[in-house]
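Dropping model.cif in here (mmCIF, C-alpha atoms and all ligand atoms):
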data_entry
#
loop_
_atom_site.group_PDB
_atom_site.id
_atom_site.type_symbol
_atom_site.label_atom_id
_atom_site.label_comp_id
_atom_site.auth_asym_id
_atom_site.auth_seq_id
_atom_site.Cartn_x
_atom_site.Cartn_y
_atom_site.Cartn_z
ATOM 1 C CA MET M 1410 120.657 108.827 99.862
ATOM 2 C CA ARG M 1411 122.230 110.305 96.807
ATOM 3 C CA GLY M 1412 122.105 114.060 97.235
ATOM 4 C CA MET M 1413 119.089 116.308 97.390
ATOM 5 C CA LYS M 1414 118.433 116.865 93.686
ATOM 6 C CA PRO M 1415 114.973 115.951 92.474
ATOM 7 C CA ILE M 1416 114.886 113.068 90.027
ATOM 8 C CA ARG M 1417 114.469 114.983 86.791
ATOM 9 C CA THR M 1418 114.866 112.136 84.408
ATOM 10 C CA GLN M 1419 111.876 110.026 85.462
ATOM 11 C CA HIS M 1420 108.790 111.056 83.504
ATOM 12 C CA TRP M 1421 105.574 109.586 84.743
ATOM 13 C CA ASN M 1422 103.138 108.893 81.968
ATOM 14 C CA PRO M 1423 99.742 107.826 83.365
ATOM 15 C CA GLN M 1424 98.921 105.711 80.280
ATOM 16 C CA ASP M 1425 102.263 103.816 80.396
ATOM 17 C CA TYR M 1426 101.873 103.428 84.132
ATOM 18 C CA ASP M 1427 98.396 102.010 83.718
ATOM 19 C CA ARG M 1428 99.646 99.522 81.122
ATOM 20 C CA HIS M 1429 102.933 98.412 82.668
ATOM 21 C CA ALA M 1430 102.758 99.231 86.393
ATOM 22 C CA ARG M 1431 99.142 98.930 87.516
ATOM 23 C CA PHE M 1432 100.230 96.030 89.750
ATOM 24 C CA VAL M 1433 101.948 98.618 91.995
ATOM 25 C CA SER M 1434 98.618 100.023 93.212
ATOM 26 C CA ASP M 1435 96.813 96.675 92.871
ATOM 27 C CA LEU M 1436 99.265 95.165 95.376
ATOM 28 C CA GLY M 1437 99.028 98.160 97.697
ATOM 29 C CA GLY M 1438 95.646 97.125 99.082
ATOM 30 C CA VAL M 1439 97.379 95.272 101.886
ATOM 31 C CA VAL M 1440 99.014 98.527 103.004
ATOM 32 C CA LEU M 1441 95.573 100.138 103.089
ATOM 33 C CA ASP M 1442 94.484 97.259 105.336
ATOM 34 C CA LEU M 1443 97.418 97.935 107.679
ATOM 35 C CA LEU M 1444 96.394 101.592 107.825
ATOM 36 C CA ALA M 1445 92.738 100.680 108.488
ATOM 37 C CA PRO M 1446 91.363 104.097 107.483
ATOM 38 C CA GLN M 1447 88.310 105.176 109.467
ATOM 39 C CA PRO M 1448 85.321 107.248 108.339
ATOM 40 C CA GLY M 1449 85.951 110.932 108.924
ATOM 41 C CA GLU M 1450 89.701 110.594 109.381
ATOM 42 C CA SER M 1451 91.932 113.078 107.649
ATOM 43 C CA ILE M 1452 94.639 111.290 105.642
ATOM 44 C CA LEU M 1453 97.607 112.398 103.532
ATOM 45 C CA ASP M 1454 98.550 110.078 100.654
ATOM 46 C CA LEU M 1455 102.258 110.759 100.161
ATOM 47 C CA GLY M 1456 103.268 109.953 96.583
ATOM 48 C CA CYS M 1457 99.689 109.362 95.473
ATOM 49 C CA GLY M 1458 100.557 108.777 91.809
ATOM 50 C CA ASP M 1459 97.438 108.547 89.661
ATOM 51 C CA GLY M 1460 95.264 108.150 92.751
ATOM 52 C CA ALA M 1461 94.192 104.529 92.319
ATOM 53 C CA LEU M 1462 94.902 103.722 95.983
ATOM 54 C CA THR M 1463 93.776 107.144 97.167
ATOM 55 C CA GLU M 1464 90.329 106.123 95.970
ATOM 56 C CA GLY M 1465 90.483 103.268 98.480
ATOM 57 C CA LEU M 1466 91.026 105.785 101.276
ATOM 58 C CA LEU M 1467 88.072 107.837 100.079
ATOM 59 C CA ALA M 1468 85.934 104.710 99.829
ATOM 60 C CA ALA M 1469 86.610 104.122 103.530
ATOM 61 C CA GLY M 1470 84.999 107.494 104.256
ATOM 62 C CA SER M 1471 88.255 109.331 104.979
ATOM 63 C CA ARG M 1472 89.008 112.874 103.913
ATOM 64 C CA VAL M 1473 92.117 112.688 101.764
ATOM 65 C CA ILE M 1474 94.729 114.946 100.225
ATOM 66 C CA GLY M 1475 97.097 113.305 97.759
ATOM 67 C CA VAL M 1476 100.514 114.759 96.988
ATOM 68 C CA ASP M 1477 102.984 113.811 94.298
ATOM 69 C CA ALA M 1478 105.976 115.368 92.537
ATOM 70 C CA SER M 1479 104.621 114.535 89.083
ATOM 71 C CA GLU M 1480 102.226 117.021 87.477
ATOM 72 C CA GLN M 1481 101.043 114.330 85.060
ATOM 73 C CA MET M 1482 100.165 111.913 87.845
ATOM 74 C CA VAL M 1483 98.495 114.640 89.901
ATOM 75 C CA SER M 1484 96.359 115.515 86.855
ATOM 76 C CA ALA M 1485 95.388 111.855 86.529
ATOM 77 C CA ALA M 1486 94.488 111.738 90.235
ATOM 78 C CA ARG M 1487 92.412 114.923 89.918
ATOM 79 C CA ALA M 1488 90.563 113.342 86.997
ATOM 80 C CA ARG M 1489 89.383 110.744 89.537
ATOM 81 C CA GLY M 1490 87.973 113.570 91.676
ATOM 82 C CA ILE M 1491 90.800 113.489 94.211
ATOM 83 C CA ASP M 1492 92.163 116.581 95.946
ATOM 84 C CA ALA M 1493 95.680 116.030 94.587
ATOM 85 C CA ARG M 1494 98.500 118.548 94.666
ATOM 86 C CA VAL M 1495 101.999 118.829 93.233
ATOM 87 C CA VAL M 1496 104.182 118.970 96.338
ATOM 88 C CA ASP M 1497 107.867 118.384 97.066
ATOM 89 C CA ALA M 1498 107.930 115.592 99.669
ATOM 90 C CA GLN M 1499 111.115 117.073 101.148
ATOM 91 C CA SER M 1500 109.192 120.223 102.085
ATOM 92 C CA LEU M 1501 105.724 119.071 103.099
ATOM 93 C CA PRO M 1502 103.682 122.185 103.899
ATOM 94 C CA PHE M 1503 101.253 120.647 106.420
ATOM 95 C CA GLU M 1504 101.033 121.332 110.165
ATOM 96 C CA ALA M 1505 99.327 118.892 112.545
ATOM 97 C CA GLN M 1506 96.314 118.385 110.291
ATOM 98 C CA PHE M 1507 96.272 114.653 109.508
ATOM 99 C CA ASP M 1508 95.258 111.596 111.522
ATOM 100 C CA ALA M 1509 97.409 109.441 109.266
ATOM 101 C CA VAL M 1510 99.987 109.595 106.500
ATOM 102 C CA PHE M 1511 99.893 106.747 104.005
ATOM 103 C CA SER M 1512 102.458 105.929 101.344
ATOM 104 C CA ASN M 1513 102.800 103.061 98.881
ATOM 105 C CA ALA M 1514 105.798 102.439 96.609
ATOM 106 C CA ALA M 1515 106.871 106.067 96.685
ATOM 107 C CA LEU M 1516 109.274 106.737 99.570
ATOM 108 C CA HIS M 1517 112.219 105.046 97.844
ATOM 109 C CA TRP M 1518 112.071 107.713 95.119
ATOM 110 C CA MET M 1519 112.413 110.601 97.547
ATOM 111 C CA PRO M 1520 115.826 112.148 98.116
ATOM 112 C CA GLY M 1521 116.292 113.716 101.541
ATOM 113 C CA GLN M 1522 114.599 111.054 103.662
ATOM 114 C CA THR M 1523 115.300 112.910 106.902
ATOM 115 C CA ARG M 1524 113.354 115.908 105.606
ATOM 116 C CA VAL M 1525 110.567 113.671 104.341
ATOM 117 C CA VAL M 1526 110.164 111.991 107.736
ATOM 118 C CA ALA M 1527 110.331 115.371 109.508
ATOM 119 C CA GLY M 1528 107.585 116.678 107.204
ATOM 120 C CA VAL M 1529 105.400 113.644 107.911
ATOM 121 C CA TRP M 1530 105.893 114.218 111.634
ATOM 122 C CA ARG M 1531 104.852 117.873 111.315
ATOM 123 C CA ALA M 1532 101.850 116.944 109.172
ATOM 124 C CA LEU M 1533 100.473 114.510 111.774
ATOM 125 C CA ARG M 1534 98.374 115.304 114.781
ATOM 126 C CA PRO M 1535 99.563 113.849 118.105
ATOM 127 C CA GLY M 1536 98.719 110.149 118.055
ATOM 128 C CA GLY M 1537 98.695 110.116 114.246
ATOM 129 C CA ARG M 1538 100.066 107.140 112.365
ATOM 130 C CA PHE M 1539 102.500 106.783 109.484
ATOM 131 C CA VAL M 1540 101.871 103.610 107.499
ATOM 132 C CA ALA M 1541 103.905 102.869 104.410
ATOM 133 C CA GLU M 1542 105.448 100.338 102.096
ATOM 134 C CA MET M 1543 108.524 101.001 99.983
ATOM 135 C CA GLY M 1544 111.316 99.082 98.314
ATOM 136 C CA GLY M 1545 113.659 97.645 100.931
ATOM 137 C CA ALA M 1546 117.238 96.369 100.899
ATOM 138 C CA GLY M 1547 117.755 94.004 97.960
ATOM 139 C CA ASN M 1548 114.741 95.314 96.038
ATOM 140 C CA VAL M 1549 114.925 94.542 92.302
ATOM 141 C CA ALA M 1550 118.583 93.670 92.911
ATOM 142 C CA SER M 1551 119.042 91.578 89.795
ATOM 143 C CA ILE M 1552 117.646 94.381 87.617
ATOM 144 C CA VAL M 1553 119.822 97.011 89.287
ATOM 145 C CA GLN M 1554 122.892 94.796 88.967
ATOM 146 C CA ALA M 1555 122.233 94.139 85.259
ATOM 147 C CA LEU M 1556 121.667 97.832 84.553
ATOM 148 C CA GLU M 1557 124.720 98.959 86.498
ATOM 149 C CA SER M 1558 127.102 96.431 85.004
ATOM 150 C CA GLY M 1559 125.692 96.942 81.485
ATOM 151 C CA LEU M 1560 126.138 100.701 81.743
ATOM 152 C CA ALA M 1561 129.613 100.378 83.255
ATOM 153 C CA ALA M 1562 130.649 98.089 80.375
ATOM 154 C CA ARG M 1563 129.649 100.879 77.983
ATOM 155 C CA GLY M 1564 131.474 103.511 80.015
ATOM 156 C CA VAL M 1565 128.177 105.231 80.865
ATOM 157 C CA ARG M 1566 127.664 106.956 84.225
ATOM 158 C CA VAL M 1567 125.234 105.111 86.475
ATOM 159 C CA VAL M 1568 122.366 107.129 87.977
ATOM 160 C CA ASN M 1569 120.603 104.991 90.564
ATOM 161 C CA PRO M 1570 117.700 107.090 91.959
ATOM 162 C CA TRP M 1571 116.473 104.689 94.621
ATOM 163 C CA PHE M 1572 116.876 104.322 98.377
ATOM 164 C CA PHE M 1573 116.136 100.761 99.475
ATOM 165 C CA PRO M 1574 116.964 100.685 103.194
ATOM 166 C CA GLN M 1575 117.386 97.920 105.712
ATOM 167 C CA PRO M 1576 114.647 97.890 108.367
ATOM 168 C CA GLU M 1577 117.144 98.917 111.071
ATOM 169 C CA THR M 1578 118.110 101.962 109.015
ATOM 170 C CA TYR M 1579 114.535 103.088 108.514
ATOM 171 C CA ARG M 1580 113.559 102.305 112.095
ATOM 172 C CA ALA M 1581 116.452 104.487 113.293
ATOM 173 C CA LEU M 1582 115.366 107.275 110.964
ATOM 174 C CA LEU M 1583 111.780 107.148 112.250
ATOM 175 C CA GLU M 1584 112.808 106.881 115.894
ATOM 176 C CA SER M 1585 115.294 109.729 115.630
ATOM 177 C CA GLN M 1586 112.361 111.900 114.526
ATOM 178 C CA GLY M 1587 110.336 110.731 117.524
ATOM 179 C CA PHE M 1588 108.082 108.090 115.985
ATOM 180 C CA ALA M 1589 107.255 104.931 117.897
ATOM 181 C CA VAL M 1590 107.665 102.099 115.397
ATOM 182 C CA THR M 1591 104.987 99.485 116.062
ATOM 183 C CA ASP M 1592 105.732 97.234 113.059
ATOM 184 C CA ILE M 1593 108.519 97.089 110.531
ATOM 185 C CA ALA M 1594 109.329 94.157 108.254
ATOM 186 C CA LEU M 1595 111.452 93.390 105.211
ATOM 187 C CA PHE M 1596 110.259 90.549 102.974
ATOM 188 C CA PRO M 1597 110.655 89.322 99.401
ATOM 189 C CA ARG M 1598 107.636 89.650 97.132
ATOM 190 C CA PRO M 1599 108.438 88.287 93.670
ATOM 191 C CA THR M 1600 106.012 90.206 91.479
ATOM 192 C CA PRO M 1601 104.560 89.056 88.135
ATOM 193 C CA LEU M 1602 104.977 91.651 85.389
ATOM 194 C CA PRO M 1603 102.394 92.361 82.706
ATOM 195 C CA GLY M 1604 105.130 92.546 80.055
ATOM 196 C CA ASP M 1605 108.857 91.903 79.984
ATOM 197 C CA VAL M 1606 111.555 93.533 82.082
ATOM 198 C CA GLY M 1607 112.258 95.971 79.239
ATOM 199 C CA ASP M 1608 108.764 97.451 79.666
ATOM 200 C CA TRP M 1609 109.390 97.662 83.412
ATOM 201 C CA ILE M 1610 112.696 99.517 82.878
ATOM 202 C CA ARG M 1611 111.218 101.900 80.282
ATOM 203 C CA THR M 1612 108.329 102.717 82.624
ATOM 204 C CA LEU M 1613 109.944 102.725 86.071
ATOM 205 C CA ALA M 1614 113.728 102.965 85.757
ATOM 206 C CA GLN M 1615 114.297 105.831 83.350
ATOM 207 C CA PRO M 1616 117.053 107.554 85.372
ATOM 208 C CA PHE M 1617 119.389 104.646 84.612
ATOM 209 C CA LEU M 1618 119.035 105.421 80.885
ATOM 210 C CA ALA M 1619 119.556 109.156 81.310
ATOM 211 C CA ASP M 1620 123.162 109.243 80.102
ATOM 212 C CA LEU M 1621 122.773 106.587 77.441
ATOM 213 C CA PRO M 1622 122.495 108.074 73.929
ATOM 214 C CA ASP M 1623 118.995 107.544 72.472
ATOM 215 C CA ALA M 1624 120.390 105.518 69.581
ATOM 216 C CA GLU M 1625 121.978 102.994 71.959
ATOM 217 C CA ARG M 1626 118.895 102.376 74.103
ATOM 218 C CA PRO M 1627 117.151 99.664 72.059
ATOM 219 C CA ALA M 1628 120.324 97.518 71.847
ATOM 220 C CA PHE M 1629 121.102 98.128 75.499
ATOM 221 C CA LEU M 1630 117.626 97.103 76.631
ATOM 222 C CA ALA M 1631 117.697 94.027 74.383
ATOM 223 C CA GLU M 1632 120.990 93.055 76.047
ATOM 224 C CA ILE M 1633 119.551 93.564 79.550
ATOM 225 C CA ILE M 1634 116.443 91.533 78.686
ATOM 226 C CA GLU M 1635 118.584 88.615 77.510
ATOM 227 C CA ARG M 1636 120.809 88.859 80.566
ATOM 228 C CA LEU M 1637 117.797 88.739 82.892
ATOM 229 C CA ARG M 1638 115.711 86.196 80.982
ATOM 230 C CA PRO M 1639 117.228 83.167 82.801
ATOM 231 C CA VAL M 1640 116.772 84.916 86.166
ATOM 232 C CA LEU M 1641 113.347 86.587 85.917
ATOM 233 C CA SER M 1642 111.446 84.697 83.205
ATOM 234 C CA ASP M 1643 109.951 81.210 83.424
ATOM 235 C CA ALA M 1644 109.657 78.469 80.794
ATOM 236 C CA GLN M 1645 106.349 79.984 79.591
ATOM 237 C CA GLY M 1646 107.998 83.373 79.064
ATOM 238 C CA ARG M 1647 106.250 84.981 82.046
ATOM 239 C CA TRP M 1648 108.338 87.635 83.733
ATOM 240 C CA HIS M 1649 108.523 88.629 87.357
ATOM 241 C CA ALA M 1650 110.572 91.241 89.214
ATOM 242 C CA ASP M 1651 112.524 90.443 92.383
ATOM 243 C CA TYR M 1652 110.731 92.924 94.596
ATOM 244 C CA VAL M 1653 111.604 93.183 98.303
ATOM 245 C CA ARG M 1654 109.232 95.261 100.411
ATOM 246 C CA LEU M 1655 109.839 97.274 103.536
ATOM 247 C CA ARG M 1656 106.517 97.816 105.317
ATOM 248 C CA PHE M 1657 106.048 99.714 108.547
ATOM 249 C CA ARG M 1658 103.592 101.335 110.918
ATOM 250 C CA ALA M 1659 104.718 104.110 113.229
ATOM 251 C CA THR M 1660 102.903 106.544 115.482
ATOM 252 C CA LYS M 1661 103.462 110.071 116.643
ATOM 253 C CA GLY M 1662 103.122 109.881 120.401
ATOM 254 C CA GLY M 1663 100.838 112.058 122.455
ATOM 255 C CA GLY M 1664 97.505 110.716 121.293
ATOM 256 C CA GLU M 1665 95.087 108.221 122.785
ATOM 257 C CA SER M 1666 97.250 105.231 121.868
ATOM 258 C CA GLY M 1667 99.617 105.976 124.731
ATOM 259 C CA GLU M 1668 102.555 104.912 122.581
ATOM 260 C CA SER M 1669 105.681 106.923 123.178
ATOM 261 C CA GLY M 1670 106.737 109.406 120.594
ATOM 262 C CA GLU M 1671 109.150 111.672 122.339
ATOM 263 C CA ARG M 1672 111.620 113.457 120.173
ATOM 264 C CA LYS M 1673 115.109 112.074 120.593
ATOM 265 C CA ALA M 1674 118.439 113.639 119.725
ATOM 266 C CA PRO M 1675 118.702 114.186 115.965
ATOM 267 C CA ALA M 1676 120.576 111.449 114.200
ATOM 268 C CA ASN M 1677 121.518 110.694 110.622
ATOM 269 C CA PRO M 1678 121.171 106.944 110.197
ATOM 270 C CA ALA M 1679 123.425 105.434 107.541
ATOM 271 C CA GLY M 1680 121.953 105.857 104.112
ATOM 272 C CA ALA M 1681 119.585 108.696 105.004
ATOM 273 C CA SER M 1682 120.192 112.289 104.059
HETATM 274 C C1 LIG Q 1 109.087 99.526 93.985
HETATM 275 O O1 LIG Q 1 107.906 99.727 94.242
HETATM 276 O O2 LIG Q 1 109.787 98.816 94.706
HETATM 277 C C2 LIG Q 1 109.712 100.173 92.810
HETATM 278 C C3 LIG Q 1 108.915 100.835 91.903
HETATM 279 C C4 LIG Q 1 109.517 101.472 90.835
HETATM 280 C C5 LIG Q 1 110.877 101.420 90.678
HETATM 281 C C6 LIG Q 1 111.649 100.758 91.601
HETATM 282 C C7 LIG Q 1 111.060 100.124 92.659
#
Once more with this new file: its structure as structure tokens, please.
Amino acid sequence: MRGMKPIRTQHWNPQDYDRHARFVSDLGGVVLDLLAPQPGESILDLGCGDGALTEGLLAAGSRVIGVDASEQMVSAARARGIDARVVDAQSLPFEAQFDAVFSNAALHWMPGQTRVVAGVWRALRPGGRFVAEMGGAGNVASIVQALESGLAARGVRVVNPWFFPQPETYRALLESQGFAVTDIALFPRPTPLPGDVGDWIRTLAQPFLADLPDAERPAFLAEIIERLRPVLSDAQGRWHADYVRLRFRATKGGGESGESGERKAPANPAGAS
């Protein structure tokens, strides 16, 4: 990962998110299915955003706390009646109080993955499960490539905030913490966008634009849209993003499942910090 600094240049606006990124939570239902929340379970939603998926956990009869780094998104989640809190995922304050930790499309934003995974481990009861989906290796690669080369051509520093690991990297990270990884898979999921890739970048990729002067942004985005049109837009003008997902299920040993979860020697798998 790239250092431990929080990503200060991504501003989450619940209205923009609802308009341009609602598919993120809409497509997360399958991760809820993998978690299979049970009535009465205590669940942490890590990176809960505006709480759209957290509602699914509550609907299953679970008791849920949602955490997110964005005050705006936490406010939006609270407006849905969710117990949501602004929390730094690198310093999760929970001790053995959850049956499961759930996360959708959030882990790749979190610097300090080793600390995140350690905090999840602490937060879980013995036998608890960690079920998540995040961007994996190759995620939105054509968009990243276009942004990076476009910025480099303008002599602008590139700030790429994301960690899109290979499954072996994330498995090693989980196992070095002591988790038993029961499933982990990397797979492409081309994802239709409600608008064009410019809307996607303005909503979800703001750190790349951080060092670009305001006056240059419209021309830069127009250039990126044209560069990506032949790659990500079809003959009808419908856009998709080249998403690649990393989805996993891991357990903290010591519960009824009997799966091992012994702590191994600390390690720092490539790409994790
Ligand atoms: C993702 O879910 O893969 C993602 C979301 C926002 C920005 C980058 C990637």
TODO: Find the residues near ligand LIG 1 (chain Q). Use a cut-off of 7 Å, count all atoms listed in the file, and write them as a list of chain:residue names.
DONE: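 The residues within 7 Å of ligand LIG 1 (chain Q), counting all atoms listed in the file, are M:Val1433, M:Ala1514, M:Ala1515, M:Met1543, M:Gly1544, M:Asn1548, M:Val1549, M:Trp1571, M:Leu1613, M:Ala1614, M:Tyr1652, M:Val1653, M:Arg1654.
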Open item on the list: Between atom CA of M:Val1606 and atom CA of M:Asp1477, what distance in Å does the model show, to one decimal?
Closed with: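 Answer for the atom CA of M:Val1606 to atom CA of M:Asp1477 separation: 25.2 Å.
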- [ ] Could you give me, as JSON, numbers by chain, the residues within 10 Å of M:His1517, counting only C-alpha atoms and dropping anything in the same chain fewer than 4 positions from it?
- [x] {"M": [1410, 1513, 1522, 1542, 1543, 1544, 1545, 1570, 1571, 1572, 1573, 1574, 1655]}
- [ ] State, in Å with one decimal place, the distance from atom CA of M:Glu1557 to atom CA of M:Asp1651.
- [x] 16.0 Å
Open item on the list: Once the PyMOL selection byres (((chain M and resi 1599-1604) around 10) and not hetatm) has been evaluated on this model, what residues remain selected, and can you format them as a ChimeraX atom specification?
Closed with: /M:1428-1433,1436,1548-1549,1596-1598,1605-1609,1641-1642,1646-1654
Open item on the list: Please enumerate the residues selected by the PyMOL selection byres (((chain M and resi 1453-1458) around 6) and not hetatm) when evaluated against the supplied file, formatted as a list in words.
Closed with: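 Applied to this file, the PyMOL selection byres (((chain M and resi 1453-1458) around 6) and not hetatm) selects Ile1452, Asp1459, Gly1460, Val1473, Ile1474, Gly1475, Val1476, Asp1477, Met1482, Val1510, Phe1511, Ser1512 and Ala1515 of chain M.
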Saved selection, atoms kept: C-alpha atoms, as a short mmCIF file (atom, residue, chain, number, x, y, z; two decimals), in the coordinates of the input:
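See part-v8.cif below for the written result:
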data_model
loop_
_atom_site.label_atom_id
_atom_site.label_comp_id
_atom_site.auth_asym_id
_atom_site.auth_seq_id
_atom_site.Cartn_x
_atom_site.Cartn_y
_atom_site.Cartn_z
CA ILE M 1452 94.64 111.29 105.64
CA ASP M 1459 97.44 108.55 89.66
CA GLY M 1460 95.26 108.15 92.75
CA VAL M 1473 92.12 112.69 101.76
CA ILE M 1474 94.73 114.95 100.22
CA GLY M 1475 97.10 113.30 97.76
CA VAL M 1476 100.51 114.76 96.99
CA ASP M 1477 102.98 113.81 94.30
CA MET M 1482 100.16 111.91 87.84
CA VAL M 1510 99.99 109.60 106.50
CA PHE M 1511 99.89 106.75 104.00
CA SER M 1512 102.46 105.93 101.34
CA ALA M 1515 106.87 106.07 96.68
#
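Among M:Ala1468, M:Ala1498, M:Val1567, M:Ala1550, the residue with the shortest atom-to-atom distance to M:Leu1618, counting all atoms listed in the file, is M:Val1567.
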Task: Residue members of the PyMOL selection byres (((chain M and resi 1529) around 10) and not hetatm) in the file shown, as a count of residues only - done: 30
Open item on the list: To one decimal place in Å, what is the distance between atom CA of M:Gly1587 and atom CA of M:Arg1658?
Closed with: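 So the answer is 13.3 Å.
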Test item: axis-aligned box, all listed atoms of stretch 1574-1588 of chain M, 6 Å on each side, centre and edges in Å rounded to one decimal, as AutoDock Vina command-line options:
--center_x 113.1 --center_y 104.9 --center_z 110.4 --size_x 22.0 --size_y 26.0 --size_z 26.3
Open item on the list: When you look at M:Leu1467 with a cut-off of 9 Å (counting only C-alpha atoms), what residues show up, excluding the ones that are within fewer than 4 positions of it in the same chain? I need them as a PyMOL selection string.
Closed with: chain M and resi 1446+1448+1462-1463+1471-1473+1491
Open item on the list: I need the residue nearest M:Asp1435 from this list: M:Thr1418, M:Gln1615, M:Glu1464, M:Pro1576. Use only C-alpha atoms for the distance.
Closed with: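 Closest candidate: M:Glu1464.
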- [ ] For M:Ile1633, please output as a PyMOL selection string all residues within 8 Å (counting all atoms listed in the file; exclusion window: fewer than 2 positions along the same chain).
- [x] chain M and resi 1555-1556+1559+1607+1629-1631+1635-1637
Open item on the list: So, with only C-alpha atoms as the atoms that count, which of M:Ser1479, M:Ala1659, M:Asp1497, M:Val1553 lies closest to M:Gln1419?
Closed with: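 Closest to M:Gln1419 of all the choices is M:Ser1479.
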- [ ] Counting all atoms listed in the file, figure out which residue out of M:Ile1634, M:Ile1610, M:Ala1561, M:Ala1589 gets nearest to M:Gly1536.
- [x]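 For M:Gly1536, the nearest of the candidates is M:Ala1589.
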Open item on the list: When you count all atoms listed in the file, which of these residues is closest to M:Trp1421: M:Asp1592, M:Asp1643, M:Glu1480, M:Glu1632?
Closed with: M:Glu1480
Open item on the list: Give me, as an NGL selection string, all polymer residues having an atom no more than 10 Å from stretch 1621-1624 of chain M, counting all atoms listed in the file and skipping those fewer than 3 positions away in the same chain.
Closed with: :M and (1560 or 1563-1567 or 1616-1618 or 1627-1629)
